[in-house]
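The file input-v3.txt contains compact mmCIF, N, CA and C atoms:
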# COMPACT_ATOMS: atom_id res chain seq x y z
N MET A 278 -58.40 1.12 54.46
CA MET A 278 -59.52 1.40 53.58
C MET A 278 -59.41 0.59 52.29
N PHE A 279 -58.22 0.57 51.70
CA PHE A 279 -58.01 -0.18 50.46
C PHE A 279 -58.31 -1.66 50.66
N TYR A 280 -57.85 -2.23 51.81
CA TYR A 280 -58.07 -3.64 52.10
C TYR A 280 -59.57 -3.96 52.13
N VAL A 281 -60.36 -3.11 52.78
CA VAL A 281 -61.81 -3.31 52.85
C VAL A 281 -62.40 -3.29 51.46
N TYR A 282 -61.95 -2.37 50.62
CA TYR A 282 -62.43 -2.28 49.25
C TYR A 282 -62.12 -3.56 48.48
N VAL A 283 -60.91 -4.09 48.63
CA VAL A 283 -60.51 -5.32 47.95
C VAL A 283 -61.37 -6.49 48.43
N VAL A 284 -61.60 -6.58 49.74
CA VAL A 284 -62.42 -7.67 50.28
C VAL A 284 -63.84 -7.58 49.74
N ILE A 285 -64.40 -6.38 49.70
CA ILE A 285 -65.76 -6.21 49.18
C ILE A 285 -65.82 -6.61 47.71
N LEU A 286 -64.83 -6.20 46.92
CA LEU A 286 -64.80 -6.59 45.51
C LEU A 286 -64.72 -8.11 45.35
N LYS A 287 -63.89 -8.75 46.17
CA LYS A 287 -63.73 -10.19 46.08
C LYS A 287 -65.04 -10.91 46.42
N VAL A 288 -65.73 -10.45 47.47
CA VAL A 288 -67.01 -11.05 47.85
C VAL A 288 -68.03 -10.85 46.74
N MET A 289 -68.04 -9.66 46.14
CA MET A 289 -68.97 -9.40 45.04
C MET A 289 -68.64 -10.29 43.85
N SER A 290 -67.36 -10.48 43.56
CA SER A 290 -66.96 -11.33 42.44
C SER A 290 -67.39 -12.76 42.67
N PHE A 291 -67.17 -13.26 43.89
CA PHE A 291 -67.54 -14.65 44.17
C PHE A 291 -69.05 -14.83 44.16
N SER A 292 -69.78 -13.83 44.57
CA SER A 292 -71.24 -13.89 44.52
C SER A 292 -71.70 -13.96 43.06
N LYS A 293 -71.09 -13.17 42.20
CA LYS A 293 -71.41 -13.20 40.77
C LYS A 293 -71.03 -14.54 40.17
N ILE A 294 -69.87 -15.06 40.55
CA ILE A 294 -69.45 -16.36 40.04
C ILE A 294 -70.43 -17.44 40.47
N GLU A 295 -70.83 -17.41 41.73
CA GLU A 295 -71.80 -18.40 42.21
C GLU A 295 -73.09 -18.30 41.39
N ASN A 296 -73.56 -17.10 41.15
CA ASN A 296 -74.77 -16.92 40.33
C ASN A 296 -74.57 -17.43 38.91
N ASP A 297 -73.38 -17.18 38.34
CA ASP A 297 -73.09 -17.66 36.99
C ASP A 297 -73.00 -19.19 36.95
N LEU A 298 -72.43 -19.79 37.98
CA LEU A 298 -72.38 -21.25 38.03
C LEU A 298 -73.79 -21.84 38.04
N ILE A 299 -74.69 -21.16 38.71
CA ILE A 299 -76.08 -21.63 38.80
C ILE A 299 -76.83 -21.37 37.50
N SER A 300 -76.68 -20.17 36.95
CA SER A 300 -77.47 -19.82 35.76
C SER A 300 -76.88 -20.35 34.46
N GLU A 301 -75.56 -20.31 34.32
CA GLU A 301 -74.94 -20.70 33.05
C GLU A 301 -74.60 -22.18 32.97
N ILE A 302 -74.17 -22.76 34.08
CA ILE A 302 -73.74 -24.17 34.08
C ILE A 302 -74.80 -25.06 34.72
N ARG A 303 -75.78 -24.42 35.36
CA ARG A 303 -76.93 -25.09 35.96
C ARG A 303 -76.56 -25.99 37.14
N LEU A 304 -75.57 -25.53 37.91
CA LEU A 304 -75.31 -26.20 39.18
C LEU A 304 -76.39 -25.75 40.16
N ASP A 305 -76.65 -26.59 41.17
CA ASP A 305 -77.53 -26.08 42.21
C ASP A 305 -76.69 -25.25 43.18
N SER A 306 -77.33 -24.60 44.11
CA SER A 306 -76.64 -23.67 45.00
C SER A 306 -75.55 -24.36 45.82
N ILE A 307 -75.83 -25.54 46.33
CA ILE A 307 -74.84 -26.26 47.14
C ILE A 307 -73.66 -26.69 46.28
N GLN A 308 -73.91 -27.19 45.09
CA GLN A 308 -72.83 -27.59 44.19
C GLN A 308 -71.93 -26.39 43.88
N ALA A 309 -72.53 -25.22 43.64
CA ALA A 309 -71.75 -24.02 43.35
C ALA A 309 -70.88 -23.63 44.53
N LYS A 310 -71.43 -23.69 45.73
CA LYS A 310 -70.67 -23.36 46.94
C LYS A 310 -69.52 -24.35 47.17
N VAL A 311 -69.80 -25.63 46.97
CA VAL A 311 -68.77 -26.67 47.13
C VAL A 311 -67.66 -26.46 46.10
N PHE A 312 -68.04 -26.21 44.87
CA PHE A 312 -67.05 -25.96 43.82
C PHE A 312 -66.15 -24.78 44.18
N LEU A 313 -66.74 -23.68 44.59
CA LEU A 313 -65.95 -22.50 44.95
C LEU A 313 -65.06 -22.76 46.16
N LEU A 314 -65.57 -23.46 47.16
CA LEU A 314 -64.79 -23.74 48.36
C LEU A 314 -63.53 -24.54 48.03
N VAL A 315 -63.69 -25.63 47.29
CA VAL A 315 -62.55 -26.50 46.99
C VAL A 315 -61.62 -25.83 45.97
N THR A 316 -62.16 -25.14 45.01
CA THR A 316 -61.33 -24.45 44.02
C THR A 316 -60.44 -23.41 44.69
N CYS A 317 -60.99 -22.68 45.64
CA CYS A 317 -60.27 -21.56 46.25
C CYS A 317 -59.47 -21.94 47.49
N ASN A 318 -59.65 -23.17 48.00
CA ASN A 318 -58.96 -23.57 49.22
C ASN A 318 -58.16 -24.85 49.11
N GLY A 319 -58.32 -25.60 48.03
CA GLY A 319 -57.56 -26.83 47.85
C GLY A 319 -58.35 -28.07 48.26
N LYS A 320 -57.69 -29.21 48.12
CA LYS A 320 -58.35 -30.50 48.33
C LYS A 320 -58.97 -30.59 49.72
N MET A 321 -60.10 -31.30 49.76
CA MET A 321 -60.85 -31.45 51.01
C MET A 321 -61.61 -32.75 51.02
N THR A 322 -61.95 -33.16 52.22
CA THR A 322 -62.83 -34.31 52.40
C THR A 322 -64.27 -33.82 52.45
N PRO A 323 -65.22 -34.70 52.18
CA PRO A 323 -66.63 -34.31 52.32
C PRO A 323 -66.96 -33.83 53.74
N GLU A 324 -66.30 -34.39 54.73
CA GLU A 324 -66.54 -33.98 56.12
C GLU A 324 -66.12 -32.51 56.32
N THR A 325 -64.96 -32.16 55.80
CA THR A 325 -64.49 -30.77 55.92
C THR A 325 -65.40 -29.82 55.17
N ILE A 326 -65.82 -30.22 53.98
CA ILE A 326 -66.72 -29.39 53.18
C ILE A 326 -68.03 -29.17 53.94
N ALA A 327 -68.58 -30.24 54.49
CA ALA A 327 -69.84 -30.14 55.23
C ALA A 327 -69.71 -29.18 56.40
N LYS A 328 -68.60 -29.30 57.12
CA LYS A 328 -68.38 -28.44 58.29
C LYS A 328 -68.24 -26.97 57.87
N LYS A 329 -67.43 -26.69 56.85
CA LYS A 329 -67.18 -25.31 56.43
C LYS A 329 -68.42 -24.64 55.85
N LEU A 330 -69.24 -25.41 55.14
CA LEU A 330 -70.44 -24.84 54.51
C LEU A 330 -71.70 -25.00 55.37
N LYS A 331 -71.54 -25.71 56.50
CA LYS A 331 -72.68 -25.96 57.39
C LYS A 331 -73.82 -26.65 56.65
N ILE A 332 -73.44 -27.72 55.95
CA ILE A 332 -74.42 -28.56 55.25
C ILE A 332 -74.25 -29.98 55.79
N SER A 333 -75.18 -30.85 55.44
CA SER A 333 -75.08 -32.23 55.91
C SER A 333 -73.97 -32.97 55.16
N LEU A 334 -73.49 -34.02 55.78
CA LEU A 334 -72.46 -34.84 55.14
C LEU A 334 -73.02 -35.47 53.86
N ASP A 335 -74.28 -35.87 53.88
CA ASP A 335 -74.90 -36.44 52.68
C ASP A 335 -74.93 -35.43 51.53
N GLU A 336 -75.26 -34.17 51.84
CA GLU A 336 -75.26 -33.12 50.81
C GLU A 336 -73.85 -32.91 50.27
N SER A 337 -72.89 -32.93 51.15
CA SER A 337 -71.50 -32.75 50.75
C SER A 337 -71.05 -33.89 49.84
N LYS A 338 -71.32 -35.12 50.25
CA LYS A 338 -70.93 -36.29 49.44
C LYS A 338 -71.61 -36.27 48.07
N LYS A 339 -72.90 -35.96 48.05
CA LYS A 339 -73.63 -35.93 46.78
C LYS A 339 -73.04 -34.85 45.87
N SER A 340 -72.78 -33.67 46.42
CA SER A 340 -72.24 -32.58 45.61
C SER A 340 -70.86 -32.91 45.05
N THR A 341 -69.99 -33.50 45.86
CA THR A 341 -68.65 -33.84 45.36
C THR A 341 -68.74 -34.89 44.26
N LYS A 342 -69.62 -35.87 44.42
CA LYS A 342 -69.79 -36.89 43.37
C LYS A 342 -70.36 -36.27 42.10
N ASP A 343 -71.36 -35.39 42.26
CA ASP A 343 -71.93 -34.70 41.09
C ASP A 343 -70.87 -33.87 40.38
N LEU A 344 -70.05 -33.15 41.14
CA LEU A 344 -69.02 -32.31 40.54
C LEU A 344 -67.96 -33.15 39.83
N MET A 345 -67.72 -34.36 40.30
CA MET A 345 -66.83 -35.27 39.56
C MET A 345 -67.46 -35.62 38.21
N THR A 346 -68.74 -35.94 38.24
CA THR A 346 -69.46 -36.29 37.01
C THR A 346 -69.48 -35.12 36.03
N PHE A 347 -69.58 -33.90 36.56
CA PHE A 347 -69.62 -32.71 35.71
C PHE A 347 -68.25 -32.28 35.20
N GLY A 348 -67.19 -32.97 35.63
CA GLY A 348 -65.85 -32.65 35.15
C GLY A 348 -65.13 -31.57 35.94
N ALA A 349 -65.59 -31.29 37.16
CA ALA A 349 -64.98 -30.23 37.96
C ALA A 349 -63.98 -30.77 38.97
N PHE A 350 -64.23 -31.93 39.51
CA PHE A 350 -63.41 -32.50 40.58
C PHE A 350 -62.80 -33.81 40.15
N ILE A 351 -61.69 -34.12 40.79
CA ILE A 351 -61.11 -35.46 40.71
C ILE A 351 -61.01 -35.97 42.14
N ASP A 352 -61.05 -37.27 42.27
CA ASP A 352 -60.87 -37.82 43.62
C ASP A 352 -59.41 -38.18 43.79
N ILE A 353 -58.80 -37.58 44.80
CA ILE A 353 -57.40 -37.82 45.12
C ILE A 353 -57.27 -39.19 45.78
N SER A 354 -58.20 -39.47 46.65
CA SER A 354 -58.31 -40.77 47.31
C SER A 354 -59.79 -41.04 47.48
N GLU A 355 -60.13 -42.09 48.20
CA GLU A 355 -61.55 -42.37 48.41
C GLU A 355 -62.21 -41.31 49.28
N THR A 356 -61.41 -40.53 49.98
CA THR A 356 -61.99 -39.56 50.92
C THR A 356 -61.62 -38.11 50.64
N GLU A 357 -60.83 -37.82 49.61
CA GLU A 357 -60.43 -36.44 49.32
C GLU A 357 -60.74 -36.08 47.87
N PHE A 358 -61.23 -34.86 47.71
CA PHE A 358 -61.56 -34.36 46.38
C PHE A 358 -60.75 -33.10 46.11
N GLU A 359 -60.40 -32.91 44.83
CA GLU A 359 -59.63 -31.74 44.41
C GLU A 359 -60.28 -31.18 43.16
N ALA A 360 -60.26 -29.87 43.04
CA ALA A 360 -60.76 -29.21 41.84
C ALA A 360 -59.66 -29.20 40.78
N MET A 361 -60.08 -29.31 39.55
CA MET A 361 -59.14 -29.15 38.45
C MET A 361 -59.00 -27.65 38.18
N HIS A 362 -58.04 -27.28 37.36
CA HIS A 362 -57.78 -25.86 37.09
C HIS A 362 -59.07 -25.20 36.57
N PRO A 363 -59.43 -24.04 37.14
CA PRO A 363 -60.72 -23.43 36.80
C PRO A 363 -60.88 -22.99 35.35
N ARG A 364 -59.80 -22.66 34.68
CA ARG A 364 -59.93 -22.25 33.27
C ARG A 364 -60.47 -23.41 32.42
N PHE A 365 -60.06 -24.62 32.76
CA PHE A 365 -60.53 -25.80 32.02
C PHE A 365 -61.85 -26.30 32.59
N THR A 366 -61.96 -26.23 33.90
CA THR A 366 -63.13 -26.79 34.58
C THR A 366 -64.41 -26.09 34.19
N ALA A 367 -64.41 -24.78 34.18
CA ALA A 367 -65.64 -24.05 33.86
C ALA A 367 -66.15 -24.43 32.47
N VAL A 368 -65.25 -24.49 31.51
CA VAL A 368 -65.64 -24.85 30.15
C VAL A 368 -66.07 -26.32 30.09
N ASN A 369 -65.36 -27.21 30.80
CA ASN A 369 -65.74 -28.62 30.83
C ASN A 369 -67.15 -28.80 31.40
N MET A 370 -67.42 -28.11 32.52
CA MET A 370 -68.75 -28.23 33.12
C MET A 370 -69.83 -27.70 32.18
N TYR A 371 -69.53 -26.59 31.51
CA TYR A 371 -70.49 -26.01 30.56
C TYR A 371 -70.73 -26.96 29.39
N ARG A 372 -69.65 -27.53 28.86
CA ARG A 372 -69.79 -28.48 27.73
C ARG A 372 -70.64 -29.67 28.14
N LYS A 373 -70.37 -30.23 29.33
CA LYS A 373 -71.15 -31.39 29.80
C LYS A 373 -72.60 -31.02 30.05
N MET A 374 -72.86 -29.81 30.54
CA MET A 374 -74.23 -29.36 30.74
C MET A 374 -74.93 -29.26 29.39
N CYS A 375 -74.24 -28.72 28.39
CA CYS A 375 -74.82 -28.63 27.05
C CYS A 375 -75.19 -30.02 26.51
N GLU A 376 -74.32 -31.00 26.74
CA GLU A 376 -74.61 -32.37 26.31
C GLU A 376 -75.83 -32.92 27.03
N ARG A 377 -75.90 -32.72 28.37
CA ARG A 377 -77.04 -33.22 29.15
C ARG A 377 -78.35 -32.57 28.72
N GLU A 378 -78.28 -31.28 28.43
CA GLU A 378 -79.48 -30.50 28.12
C GLU A 378 -79.77 -30.46 26.61
N ASN A 379 -78.93 -31.12 25.83
CA ASN A 379 -79.08 -31.15 24.37
C ASN A 379 -79.09 -29.72 23.79
N ILE A 380 -78.09 -28.93 24.23
CA ILE A 380 -77.92 -27.56 23.78
C ILE A 380 -76.63 -27.52 22.95
N VAL A 381 -76.65 -26.73 21.88
CA VAL A 381 -75.45 -26.58 21.05
C VAL A 381 -74.37 -25.89 21.89
N PHE A 382 -73.20 -26.52 21.95
CA PHE A 382 -72.07 -25.96 22.69
C PHE A 382 -71.42 -24.87 21.86
N LYS A 383 -71.29 -23.68 22.47
CA LYS A 383 -70.59 -22.58 21.82
C LYS A 383 -69.95 -21.73 22.90
N ARG A 384 -69.09 -20.83 22.51
CA ARG A 384 -68.38 -19.99 23.47
C ARG A 384 -69.38 -19.21 24.33
N ASN A 385 -69.06 -19.12 25.63
CA ASN A 385 -69.90 -18.40 26.58
C ASN A 385 -68.97 -17.53 27.42
N LYS A 386 -69.05 -16.22 27.23
CA LYS A 386 -68.13 -15.31 27.92
C LYS A 386 -68.28 -15.38 29.43
N ALA A 387 -69.49 -15.56 29.94
CA ALA A 387 -69.69 -15.65 31.39
C ALA A 387 -68.96 -16.86 31.94
N VAL A 388 -69.01 -17.97 31.23
CA VAL A 388 -68.31 -19.19 31.65
C VAL A 388 -66.81 -18.99 31.57
N ASP A 389 -66.33 -18.38 30.50
CA ASP A 389 -64.89 -18.09 30.38
C ASP A 389 -64.40 -17.23 31.54
N ASN A 390 -65.21 -16.25 31.93
CA ASN A 390 -64.83 -15.35 33.02
C ASN A 390 -64.74 -16.06 34.37
N ILE A 391 -65.53 -17.11 34.56
CA ILE A 391 -65.45 -17.87 35.81
C ILE A 391 -64.03 -18.37 36.01
N GLY A 392 -63.48 -19.00 34.99
CA GLY A 392 -62.12 -19.53 35.07
C GLY A 392 -61.08 -18.46 35.26
N VAL A 393 -61.23 -17.34 34.57
CA VAL A 393 -60.27 -16.25 34.67
C VAL A 393 -60.25 -15.68 36.10
N ILE A 394 -61.44 -15.44 36.66
CA ILE A 394 -61.53 -14.84 37.99
C ILE A 394 -61.02 -15.80 39.07
N LEU A 395 -61.29 -17.09 38.92
CA LEU A 395 -60.90 -18.06 39.96
C LEU A 395 -59.45 -18.50 39.87
N GLU A 396 -58.78 -18.23 38.77
CA GLU A 396 -57.43 -18.74 38.57
C GLU A 396 -56.45 -18.33 39.66
N LYS A 397 -56.44 -17.08 40.07
CA LYS A 397 -55.50 -16.63 41.09
C LYS A 397 -55.77 -17.30 42.43
N SER A 398 -57.03 -17.38 42.84
CA SER A 398 -57.36 -18.05 44.11
C SER A 398 -56.98 -19.52 44.06
N TYR A 399 -57.21 -20.15 42.92
CA TYR A 399 -56.83 -21.56 42.74
C TYR A 399 -55.33 -21.72 42.90
N ASP A 400 -54.56 -20.90 42.21
CA ASP A 400 -53.10 -20.99 42.28
C ASP A 400 -52.57 -20.67 43.68
N ASP A 401 -53.12 -19.63 44.30
CA ASP A 401 -52.70 -19.24 45.65
C ASP A 401 -52.93 -20.37 46.65
N ALA A 402 -54.04 -21.08 46.53
CA ALA A 402 -54.37 -22.15 47.47
C ALA A 402 -53.42 -23.35 47.32
N ARG A 403 -52.78 -23.46 46.20
CA ARG A 403 -51.91 -24.62 45.95
C ARG A 403 -50.43 -24.28 46.05
N THR A 404 -50.12 -23.04 46.33
CA THR A 404 -48.72 -22.63 46.47
C THR A 404 -48.49 -21.93 47.80
N LYS A 405 -49.14 -22.44 48.83
CA LYS A 405 -49.03 -21.83 50.17
C LYS A 405 -47.65 -21.99 50.72
Now that the file is in, can you turn its structure into structure tokens?
Amino acid sequence: MFYVYVVILKVMSFSKIENDLISEIRLDSIQAKVFLLVTCNGKMTPETIAKKLKISLDESKKSTKDLMTFGAFIDISETEFEAMHPRFTAVNMYRKMCERENIVFKRNKAVDNIGVILEKSYDDARTK
């Protein structure tokens, strides 16, 4: 019973994070899903991302390139992408969005919480 409760909480948290990535950082839905997938599972190729999310390879490639531009991903090689630590990434993406949208950059608790919530999943995926 406890395990089911934990799984439900985690799904609810990731759903909220996805919504916050869309509303606060202005990612599109696919970019948010790609960001969460790589952040929580580790480096991936666009082909793997496309397969896991059931999106086209072109959508996967575009999203990974966009996320690099937004300060969320780095390219490990020409074919692999990795997320940077979520505590820094969420704020970096928000800062860059503010620059693009000509909005004054200031602290955003929803953005800060994205990094806090994703930190454990990020660390777990890299210390398997």
Could you give me, as a list in words, the residues that sit within 8 Å of (-53.8, -27.1, 42.9) in the file's coordinates, counting only N, CA and C atoms?
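Checking each residue against the 8 Å limit leaves Thr316, Asn318, Gly319, Lys320, Glu359, Ala360, Met361, His362, Tyr399, Asp400, Asp401, Ala402, Arg403 and Thr404 of chain A.
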CA of Gly392 in chain A and CA of Ile332 in chain A, how far apart in Å?
25.3 Å
If we count all atoms listed in the file, what is near Arg372 in chain A at a cut-off of 8 Å, once residues fewer than 4 positions away on the same chain are taken out, given as a PyMOL selection string?
chain A and resi 302+347+366-368+376-378+381-383
Could you work out how far CA of Glu357 in chain A lies from CA of Phe291 in chain A, giving the answer in Å with one decimal?
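Spanning CA of Phe291 in chain A to CA of Glu357 in chain A is a straight-line distance of 23.5 Å.
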Option closest in space to Ser333 in chain A, from A:Glu396, A:Met345, A:Asp389, A:Ile307 [counting only C-alpha atoms]
A:Ile307
Please indicate the distance in Å from CA of Phe350 in chain A to atom N of Ser306 in chain A, rounded to one decimal place.
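The value is 16.4 Å.
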For Cys317 in chain A, find every residue with an atom within 6 Å (counting only C-alpha atoms), except residues of its own chain fewer than 3 positions away, and show them as a list in words.
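Selected residues are Leu313, Leu314, Ser398 and Tyr399 of chain A.
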Write the residues of the preceding selection, restricted to N, CA and C atoms, as a PDB file, in the frame of the given file.
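Writing the result to again_12.pdb gives the following:
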ATOM      1  N   LEU A 313     -66.740 -23.680  44.590  1.00  0.00           N
ATOM      2  CA  LEU A 313     -65.950 -22.500  44.950  1.00  0.00           C
ATOM      3  C   LEU A 313     -65.060 -22.760  46.160  1.00  0.00           C
ATOM      4  N   LEU A 314     -65.570 -23.460  47.160  1.00  0.00           N
ATOM      5  CA  LEU A 314     -64.790 -23.740  48.360  1.00  0.00           C
ATOM      6  C   LEU A 314     -63.530 -24.540  48.030  1.00  0.00           C
ATOM      7  N   SER A 398     -57.030 -17.380  42.840  1.00  0.00           N
ATOM      8  CA  SER A 398     -57.360 -18.050  44.110  1.00  0.00           C
ATOM      9  C   SER A 398     -56.980 -19.520  44.060  1.00  0.00           C
ATOM     10  N   TYR A 399     -57.210 -20.150  42.920  1.00  0.00           N
ATOM     11  CA  TYR A 399     -56.830 -21.560  42.740  1.00  0.00           C
ATOM     12  C   TYR A 399     -55.330 -21.720  42.900  1.00  0.00           C
TER      13      TYR A 399
END
Starting from 3 Å padding per side, set up an axis-aligned box that covers all listed atoms of range 345-351 of chain A and hand over centre and edge lengths in Å, one decimal, as lines of an AutoDock Vina configuration file.
center_x = -65.3
center_y = -33.3
center_z = 38.6
size_x = 14.6
size_y = 12.1
size_z = 13.0
Run DSSP on the backbone and give me the residues of chain A it puts in helix (DSSP H, G or I), as an NGL selection string.
:A and (279-300 or 306-318 or 323-330 or 334-346 or 363-378 or 386-403)
Have a look at A:Ala349, A:Pro363, A:Leu344, A:Ser290 and name the one nearest to Ile391 in chain A; count only N, CA and C atoms.
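For Ile391 in chain A, the nearest of the candidates is A:Pro363.
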